[in-house]
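Data from structure_9.csv: CSV, C-alpha atoms
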chain,number,residue,atom,x,y,z
A,1,MET,CA,59.3,-26.8,-156.9
A,2,GLN,CA,57.6,-28.5,-153.9
A,3,PRO,CA,59.1,-28.2,-150.4
A,4,ARG,CA,61.1,-31.2,-149.2
A,5,TRP,CA,58.1,-32.9,-147.6
A,6,GLY,CA,55.5,-31.8,-150.1
A,7,TYR,CA,52.5,-29.5,-149.4
A,8,ILE,CA,50.5,-31.6,-147.0
A,9,VAL,CA,52.0,-33.3,-144.0
A,10,THR,CA,49.5,-35.1,-141.9
A,11,ALA,CA,50.1,-35.3,-138.2
A,12,MET,CA,48.8,-38.8,-137.9
A,13,VAL,CA,46.8,-40.3,-135.1
A,14,THR,CA,48.1,-43.4,-133.3
A,15,PRO,CA,45.5,-46.2,-133.6
A,16,PHE,CA,44.9,-48.2,-130.5
A,17,ASP,CA,43.1,-51.6,-130.3
A,18,GLN,CA,40.3,-52.7,-128.0
A,19,ASN,CA,42.9,-53.3,-125.2
A,20,ASN,CA,44.3,-49.7,-125.7
A,21,ALA,CA,47.6,-51.1,-127.1
A,22,VAL,CA,49.1,-49.5,-130.2
A,23,ASP,CA,47.6,-51.2,-133.3
A,24,PHE,CA,50.6,-51.4,-135.6
A,25,ALA,CA,48.8,-53.1,-138.4
A,26,GLU,CA,46.1,-50.4,-138.4
A,27,ALA,CA,48.7,-47.7,-138.2
A,28,VAL,CA,50.4,-49.0,-141.4
A,29,ALA,CA,47.0,-49.2,-143.2
A,30,LEU,CA,46.1,-45.7,-142.1
A,31,ALA,CA,49.5,-44.3,-143.2
A,32,LYS,CA,49.1,-45.9,-146.7
A,33,TRP,CA,45.5,-44.6,-146.9
A,34,LEU,CA,46.5,-41.1,-146.0
A,35,LEU,CA,49.3,-41.0,-148.7
A,36,ALA,CA,46.7,-42.2,-151.2
A,37,ASN,CA,44.3,-39.4,-150.1
A,38,GLY,CA,46.1,-36.1,-150.3
A,39,SER,CA,49.0,-36.4,-147.9
A,40,ASP,CA,52.6,-36.1,-149.1
A,41,ALA,CA,54.3,-37.1,-145.8
A,42,LEU,CA,53.4,-37.9,-142.2
A,43,VAL,CA,54.4,-36.9,-138.7
A,44,ILE,CA,54.4,-39.9,-136.5
A,45,ASN,CA,54.4,-39.5,-132.7
A,46,GLY,CA,53.3,-35.9,-132.7
A,47,THR,CA,50.7,-34.4,-130.4
A,48,THR,CA,47.9,-35.7,-132.6
A,49,GLY,CA,49.6,-39.1,-132.3
A,50,GLU,CA,49.1,-38.8,-128.5
A,51,SER,CA,52.8,-38.7,-127.9
A,52,PRO,CA,52.4,-37.7,-124.2
A,53,THR,CA,50.8,-41.1,-123.5
A,54,THR,CA,52.9,-43.5,-125.7
A,55,SER,CA,56.1,-45.0,-124.4
A,56,PRO,CA,59.6,-44.6,-126.0
A,57,LYS,CA,59.4,-48.3,-127.0
A,58,GLU,CA,56.0,-47.8,-128.6
A,59,LYS,CA,57.2,-44.7,-130.4
A,60,ALA,CA,60.2,-46.4,-131.9
A,61,ALA,CA,58.3,-49.5,-132.9
A,62,LEU,CA,55.6,-47.3,-134.6
A,63,VAL,CA,58.2,-45.4,-136.6
A,64,LYS,CA,59.9,-48.6,-137.7
A,65,VAL,CA,56.8,-50.3,-139.1
A,66,ILE,CA,55.6,-47.2,-140.9
A,67,VAL,CA,59.1,-46.5,-142.4
A,68,GLU,CA,59.2,-50.1,-143.6
A,69,ALA,CA,55.7,-49.6,-145.2
A,70,ILE,CA,56.1,-46.2,-146.9
A,71,GLY,CA,59.8,-45.2,-146.8
A,72,ALA,CA,61.9,-43.0,-144.6
A,73,GLU,CA,61.6,-39.9,-146.8
A,74,LYS,CA,57.9,-39.6,-145.9
A,75,VAL,CA,58.3,-40.1,-142.2
A,76,ILE,CA,58.9,-37.2,-139.7
A,77,ALA,CA,59.2,-38.5,-136.2
A,78,GLY,CA,58.0,-36.4,-133.3
A,79,VAL,CA,60.7,-36.2,-130.6
A,80,GLY,CA,59.8,-33.1,-128.7
A,81,GLY,CA,59.8,-32.7,-125.0
A,82,ASN,CA,60.9,-30.4,-122.2
A,83,ASN,CA,64.0,-32.3,-121.2
A,84,THR,CA,66.8,-31.8,-123.7
A,85,ALA,CA,68.7,-35.0,-122.8
A,86,GLU,CA,65.5,-37.0,-123.3
A,87,VAL,CA,64.8,-35.3,-126.6
A,88,ILE,CA,68.2,-36.3,-127.8
A,89,GLU,CA,67.6,-39.9,-126.8
A,90,ALA,CA,64.3,-39.8,-128.7
A,91,ALA,CA,66.1,-38.4,-131.7
A,92,HIS,CA,68.6,-41.3,-131.6
A,93,ASP,CA,65.8,-43.8,-131.2
A,94,ALA,CA,63.9,-42.3,-134.2
A,95,LYS,CA,66.9,-42.5,-136.4
A,96,ALA,CA,67.6,-46.1,-135.4
A,97,ALA,CA,64.0,-46.8,-136.3
A,98,GLY,CA,64.5,-45.4,-139.7
A,99,ALA,CA,62.9,-42.0,-139.6
A,100,GLY,CA,63.9,-39.5,-142.3
A,101,ALA,CA,63.4,-36.4,-140.2
A,102,LEU,CA,62.5,-35.1,-136.8
A,103,LEU,CA,59.8,-32.7,-135.4
A,104,ALA,CA,60.8,-31.0,-132.2
A,105,VAL,CA,58.2,-28.9,-130.2
A,106,VAL,CA,59.0,-26.0,-128.0
A,107,PRO,CA,59.7,-27.3,-124.5
A,108,TYR,CA,56.5,-26.9,-122.4
A,109,TYR,CA,55.7,-26.2,-118.8
A,110,ASN,CA,59.2,-25.2,-117.7
A,111,LYS,CA,59.0,-21.9,-119.7
A,112,PRO,CA,62.6,-21.5,-121.0
A,113,SER,CA,63.8,-18.1,-122.1
A,114,GLN,CA,64.6,-17.4,-125.8
A,115,GLU,CA,68.2,-18.1,-125.1
A,116,GLY,CA,67.2,-21.4,-123.4
A,117,LEU,CA,65.1,-22.3,-126.5
A,118,TYR,CA,68.1,-21.5,-128.7
A,119,GLN,CA,70.4,-23.6,-126.7
A,120,HIS,CA,67.9,-26.5,-126.5
A,121,PHE,CA,67.2,-26.7,-130.2
A,122,LYS,CA,70.9,-26.1,-131.1
A,123,THR,CA,71.9,-29.0,-128.8
A,124,VAL,CA,69.3,-31.3,-130.2
A,125,ALA,CA,70.2,-30.4,-133.8
A,126,SER,CA,73.9,-30.9,-133.1
A,127,ALA,CA,73.2,-34.4,-131.8
A,128,THR,CA,71.7,-35.7,-135.1
A,129,ASP,CA,72.3,-35.5,-138.8
A,130,LEU,CA,68.6,-35.8,-139.6
A,131,PRO,CA,66.7,-32.8,-140.8
A,132,VAL,CA,64.8,-31.1,-138.0
A,133,MET,CA,61.5,-29.2,-138.2
A,134,LEU,CA,60.9,-26.9,-135.3
A,135,TYR,CA,57.3,-26.7,-133.9
A,136,ASN,CA,56.0,-23.6,-132.3
A,137,VAL,CA,52.6,-23.9,-130.7
A,138,PRO,CA,52.3,-21.4,-127.8
A,139,ALA,CA,48.7,-22.3,-127.1
A,140,ARG,CA,50.0,-25.6,-125.8
A,141,THR,CA,53.5,-24.9,-124.7
A,142,ILE,CA,52.9,-21.4,-123.1
A,143,THR,CA,56.2,-20.2,-124.5
A,144,ASN,CA,56.5,-18.6,-127.9
A,145,LEU,CA,59.4,-19.3,-130.2
A,146,GLU,CA,60.1,-15.8,-131.4
A,147,PRO,CA,61.2,-15.0,-134.9
A,148,ALA,CA,64.6,-13.7,-133.9
A,149,THR,CA,65.3,-17.1,-132.3
A,150,VAL,CA,64.1,-19.0,-135.3
A,151,VAL,CA,66.4,-16.9,-137.5
A,152,ARG,CA,69.4,-17.6,-135.3
A,153,LEU,CA,68.7,-21.3,-135.4
A,154,ALA,CA,68.2,-21.4,-139.1
A,155,ALA,CA,71.5,-19.6,-139.5
A,156,ASP,CA,73.6,-21.5,-137.0
A,157,CYS,CA,72.2,-25.1,-137.3
A,158,PRO,CA,72.5,-26.8,-140.7
A,159,THR,CA,70.1,-29.6,-139.7
A,160,ILE,CA,67.3,-27.2,-138.7
A,161,VAL,CA,65.6,-26.7,-142.1
A,162,ALA,CA,61.9,-26.0,-141.4
A,163,ILE,CA,59.3,-24.8,-138.9
A,164,LYS,CA,55.7,-25.8,-138.2
A,165,GLU,CA,54.4,-22.4,-137.1
A,166,ALA,CA,51.1,-22.7,-135.2
A,167,SER,CA,51.0,-19.4,-133.4
A,168,ALA,CA,48.3,-18.0,-135.7
A,169,ASN,CA,50.3,-14.8,-135.6
A,170,LEU,CA,50.7,-13.7,-139.2
A,171,GLN,CA,53.1,-10.9,-138.4
A,172,GLN,CA,55.3,-13.4,-136.7
A,173,VAL,CA,55.1,-15.7,-139.7
A,174,GLY,CA,56.0,-12.8,-142.0
A,175,GLU,CA,59.1,-12.0,-139.9
A,176,ILE,CA,60.3,-15.6,-140.1
A,177,LEU,CA,59.8,-15.7,-143.8
A,178,ARG,CA,61.4,-12.3,-144.3
A,179,GLN,CA,64.6,-13.2,-142.4
A,180,THR,CA,65.2,-16.9,-143.1
A,181,PRO,CA,66.8,-18.3,-146.3
A,182,GLU,CA,64.5,-19.3,-149.1
A,183,SER,CA,65.6,-22.9,-148.5
A,184,PHE,CA,64.0,-22.7,-145.0
A,185,ASP,CA,60.5,-24.2,-145.2
A,186,VAL,CA,57.8,-22.5,-143.3
A,187,TYR,CA,54.7,-24.8,-142.8
A,188,SER,CA,51.5,-23.7,-141.2
A,189,GLY,CA,50.6,-25.7,-138.1
A,190,ASP,CA,47.1,-24.3,-138.1
A,191,ASP,CA,44.5,-25.7,-140.5
A,192,GLY,CA,42.4,-22.5,-140.3
A,193,THR,CA,45.2,-20.1,-141.5
A,194,ILE,CA,46.8,-21.9,-144.4
A,195,LEU,CA,45.7,-19.5,-147.1
A,196,SER,CA,47.2,-16.5,-145.2
A,197,LEU,CA,50.5,-18.3,-144.7
A,198,LEU,CA,50.7,-19.2,-148.4
A,199,ALA,CA,50.0,-15.5,-149.3
A,200,LEU,CA,53.0,-14.5,-147.1
A,201,GLY,CA,55.3,-17.1,-148.9
A,202,GLY,CA,54.8,-20.2,-146.8
A,203,CYS,CA,55.2,-23.6,-148.4
A,204,GLY,CA,52.5,-25.9,-147.0
A,205,LEU,CA,50.6,-27.3,-144.1
A,206,VAL,CA,51.2,-29.8,-141.2
A,207,SER,CA,47.6,-30.8,-140.8
A,208,VAL,CA,45.1,-32.6,-138.7
A,209,ILE,CA,42.0,-32.3,-140.8
A,210,SER,CA,43.9,-33.9,-143.7
A,211,HIS,CA,42.8,-37.1,-142.1
A,212,VAL,CA,39.4,-36.5,-143.6
A,213,ILE,CA,39.8,-33.9,-146.4
A,214,GLY,CA,43.3,-34.5,-147.6
A,215,PRO,CA,42.5,-34.2,-151.3
A,216,GLU,CA,40.8,-30.8,-150.8
A,217,LEU,CA,43.8,-29.4,-148.9
A,218,GLN,CA,46.1,-30.7,-151.6
A,219,ALA,CA,43.8,-29.0,-154.1
A,220,VAL,CA,44.1,-25.7,-152.3
A,221,HIS,CA,47.9,-25.8,-152.6
A,222,GLN,CA,47.9,-27.1,-156.2
A,223,ALA,CA,45.6,-24.2,-157.2
A,224,TRP,CA,47.6,-21.7,-155.2
A,225,PHE,CA,51.0,-22.6,-156.7
A,226,ALA,CA,49.5,-22.8,-160.2
A,227,GLY,CA,48.5,-19.1,-159.8
A,228,LYS,CA,44.8,-19.8,-159.3
A,229,GLN,CA,44.4,-17.9,-156.1
A,230,ALA,CA,40.6,-17.4,-156.4
A,231,GLU,CA,40.1,-21.1,-156.9
A,232,ALA,CA,42.4,-21.9,-153.9
A,233,ALA,CA,40.4,-19.5,-151.7
A,234,GLU,CA,37.1,-21.0,-152.8
A,235,ILE,CA,38.3,-24.5,-151.9
A,236,PHE,CA,39.8,-23.4,-148.6
A,237,LEU,CA,36.7,-21.6,-147.4
A,238,ARG,CA,34.8,-24.9,-147.8
A,239,THR,CA,37.2,-26.5,-145.4
A,240,LEU,CA,36.6,-24.1,-142.5
A,241,PRO,CA,33.6,-26.0,-140.9
A,242,VAL,CA,35.6,-29.2,-140.8
A,243,ALA,CA,38.6,-27.4,-139.2
A,244,LYS,CA,36.3,-25.8,-136.6
A,245,THR,CA,34.7,-29.2,-135.8
A,246,MET,CA,38.0,-31.1,-135.6
A,247,PHE,CA,39.1,-28.9,-132.7
A,248,SER,CA,35.7,-28.5,-131.0
A,249,VAL,CA,37.0,-30.7,-128.1
A,250,PRO,CA,40.6,-31.7,-127.3
A,251,SER,CA,42.4,-33.2,-130.3
A,252,PRO,CA,42.6,-35.9,-131.5
A,253,ALA,CA,39.3,-37.2,-130.1
A,254,PRO,CA,37.2,-35.5,-132.9
A,255,THR,CA,39.6,-36.8,-135.6
A,256,LYS,CA,39.4,-40.4,-134.2
A,257,GLN,CA,35.6,-40.1,-134.1
A,258,ALA,CA,35.6,-39.0,-137.7
A,259,LEU,CA,37.9,-41.7,-138.8
A,260,ARG,CA,35.9,-44.4,-137.1
A,261,ALA,CA,32.8,-43.1,-138.9
A,262,LEU,CA,34.7,-43.4,-142.1
A,263,GLY,CA,35.5,-47.1,-141.3
A,264,LYS,CA,39.0,-46.7,-139.9
A,265,ASN,CA,39.7,-48.8,-136.9
A,266,VAL,CA,41.7,-46.2,-135.0
A,267,GLY,CA,40.2,-47.0,-131.6
A,268,PRO,CA,39.9,-44.7,-128.6
A,269,VAL,CA,42.1,-42.0,-127.2
A,270,ARG,CA,44.2,-42.7,-124.1
A,271,LEU,CA,43.6,-41.0,-120.7
A,272,PRO,CA,43.8,-38.2,-119.7
A,273,LEU,CA,42.0,-37.5,-123.0
A,274,VAL,CA,38.5,-38.9,-123.4
A,275,ASP,CA,36.5,-39.8,-126.4
A,276,CYS,CA,33.7,-37.5,-127.7
A,277,ASN,CA,30.4,-37.8,-126.0
A,278,ALA,CA,27.1,-38.5,-127.9
A,279,GLN,CA,26.4,-34.8,-128.5
A,280,GLU,CA,29.9,-34.0,-129.7
A,281,SER,CA,30.0,-37.1,-131.9
A,282,GLU,CA,26.7,-36.2,-133.6
A,283,ALA,CA,28.0,-32.7,-134.3
A,284,ILE,CA,31.1,-34.2,-135.9
A,285,LEU,CA,29.1,-36.6,-138.0
A,286,GLY,CA,26.7,-33.8,-139.0
A,287,VAL,CA,29.7,-31.8,-140.4
A,288,LEU,CA,31.0,-34.9,-142.2
A,289,ARG,CA,27.5,-35.4,-143.8
A,290,GLY,CA,27.3,-31.8,-144.8
A,291,HIS,CA,30.6,-32.0,-146.4
A,292,GLY,CA,29.6,-35.1,-148.4
A,293,LEU,CA,31.9,-37.5,-146.6
A,294,LEU,CA,29.1,-39.5,-145.1
A,295,VAL,CA,25.7,-40.5,-146.4

Write out the structure in this file as structure tokens.
Amino acid sequence: MQPRWGYIVTAMVTPFDQNNAVDFAEAVALAKWLLANGSDALVINGTTGESPTTSPKEKAALVKVIVEAIGAEKVIAGVGGNNTAEVIEAAHDAKAAGAGALLAVVPYYNKPSQEGLYQHFKTVASATDLPVMLYNVPARTITNLEPATVVRLAADCPTIVAIKEASANLQQVGEILRQTPESFDVYSGDDGTILSLLALGGCGLVSVISHVIGPELQAVHQAWFAGKQAEAAEIFLRTLPVAKTMFSVPSPAPTKQALRALGKNVGPVRLPLVDCNAQESEAILGVLRGHGLLV
């Protein structure tokens, strides 16, 4: 039985036009293309979607047009932040726009304690009836959401039903899986460690590189859950150069460069991020060619 959002959830980039405005038509086209190419569901307005530099109005409008195009059950809206009251407002906006679920990242910069994290997520979850996926990415947030806190939240908050675990700490992943109910979905948030997470009992991947190799990542999971572990490993190992390249400079600049090379009009990144320079772009294109994605 597949997890509630399937095996591959793509953290989708936000397309911008030549004037650096959100390109809603291109976003809808990209969402449909991703679902036809390996993705089971999408995170909209996540970090890969440049959420720090899109406005609440843009975020809500983006969720609305994509829900209208592909259905609420396939749309997880990023609402994370480091101000609990604002996160609750974002959650209400996302529900009003039609989102089927929410992704909430660990609050960054202000470095809350584990009790602070528990109270933050519990308060957010209590303010919505939508399913909530926690997002732990200490490389970006500084603070780690420890397994004991995840276990408390899973037990105490009925709407908290999953986690995107991007700590790359497999012992931590194991502790979460050991102590949470089977119904609690543990997704990898790290493209380079998906096979290890599956081996521990995880259910899938919230991915960036699925923008360009979605079918292969889907094949990894299909093979794994069909009991073909050696085949899954063989496919996964082929994805590693792509994963390394897509994070060679701050994301999502490499992903947008790759998508433009594949004919997707996703536009530039917004400041303070910058697009890949000529050398970085050529390295990305070289990996795409080596992978057979470009001639």

Of the residues A:Gly49, A:His291, A:Ile142, A:Trp5, which is the one nearest to Ala162 (chain A), using only C-alpha atoms?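 The closest residue to Ala162 (chain A) is A:Trp5.
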
For Asp23 (chain A), please output as a ChimeraX atom specification all residues within 8 Å (counting all atoms listed in the file; exclusion window: fewer than 6 positions along the same chain). /A:14-17,266

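Closest approach to Gln218 (chain A) among A:Val9, A:Ile44, A:Val75, A:Val87: A:Val9, based on all atoms listed in the file.
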
What does the distance between CA of Leu240 (chain A) and CA of Val13 (chain A) come to in Å, to one decimal place?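 Separation of CA of Leu240 (chain A) and CA of Val13 (chain A): 20.5 Å.
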
His92 (chain A) surroundings by only C-alpha atoms, 12 Å radius, close-in-sequence under 4 positions cut, as an mmCIF file with C-alpha atoms, in the frame of the given file:
data_model
loop_
_atom_site.group_PDB
_atom_site.id
_atom_site.type_symbol
_atom_site.label_atom_id
_atom_site.label_comp_id
_atom_site.auth_asym_id
_atom_site.auth_seq_id
_atom_site.Cartn_x
_atom_site.Cartn_y
_atom_site.Cartn_z
ATOM 1 C CA PRO A 56 59.600 -44.600 -126.000
ATOM 2 C CA LYS A 59 57.200 -44.700 -130.400
ATOM 3 C CA ALA A 60 60.200 -46.400 -131.900
ATOM 4 C CA ALA A 77 59.200 -38.500 -136.200
ATOM 5 C CA GLY A 78 58.000 -36.400 -133.300
ATOM 6 C CA VAL A 79 60.700 -36.200 -130.600
ATOM 7 C CA ALA A 85 68.700 -35.000 -122.800
ATOM 8 C CA GLU A 86 65.500 -37.000 -123.300
ATOM 9 C CA VAL A 87 64.800 -35.300 -126.600
ATOM 10 C CA ILE A 88 68.200 -36.300 -127.800
ATOM 11 C CA ALA A 96 67.600 -46.100 -135.400
ATOM 12 C CA ALA A 97 64.000 -46.800 -136.300
ATOM 13 C CA GLY A 98 64.500 -45.400 -139.700
ATOM 14 C CA ALA A 99 62.900 -42.000 -139.600
ATOM 15 C CA GLY A 100 63.900 -39.500 -142.300
ATOM 16 C CA ALA A 101 63.400 -36.400 -140.200
ATOM 17 C CA LEU A 102 62.500 -35.100 -136.800
ATOM 18 C CA VAL A 124 69.300 -31.300 -130.200
ATOM 19 C CA ALA A 125 70.200 -30.400 -133.800
ATOM 20 C CA SER A 126 73.900 -30.900 -133.100
ATOM 21 C CA ALA A 127 73.200 -34.400 -131.800
ATOM 22 C CA THR A 128 71.700 -35.700 -135.100
ATOM 23 C CA ASP A 129 72.300 -35.500 -138.800
ATOM 24 C CA LEU A 130 68.600 -35.800 -139.600
#

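The spacing separating CA of Ala226 (chain A) from CA of Gly189 (chain A) amounts to 22.3 Å.
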
Do you have the CA of Gly6 (chain A)-CA of Ala41 (chain A) distance handy?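 Between these atoms lies a distance of 6.9 Å.
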
Excluding Pro252 (chain A) and residues on its chain fewer than 5 positions from it, collect all residues at most 8 Å away from it, counting only C-alpha atoms, and give them as a compact mmCIF listing (two decimals) with C-alpha atoms, keeping the file's coordinate frame.
# COMPACT_ATOMS: atom_id res chain seq x y z
CA VAL A 13 46.80 -40.30 -135.10
CA THR A 48 47.90 -35.70 -132.60
CA GLY A 49 49.60 -39.10 -132.30
CA GLU A 50 49.10 -38.80 -128.50
CA MET A 246 38.00 -31.10 -135.60
CA PHE A 247 39.10 -28.90 -132.70
CA VAL A 269 42.10 -42.00 -127.20
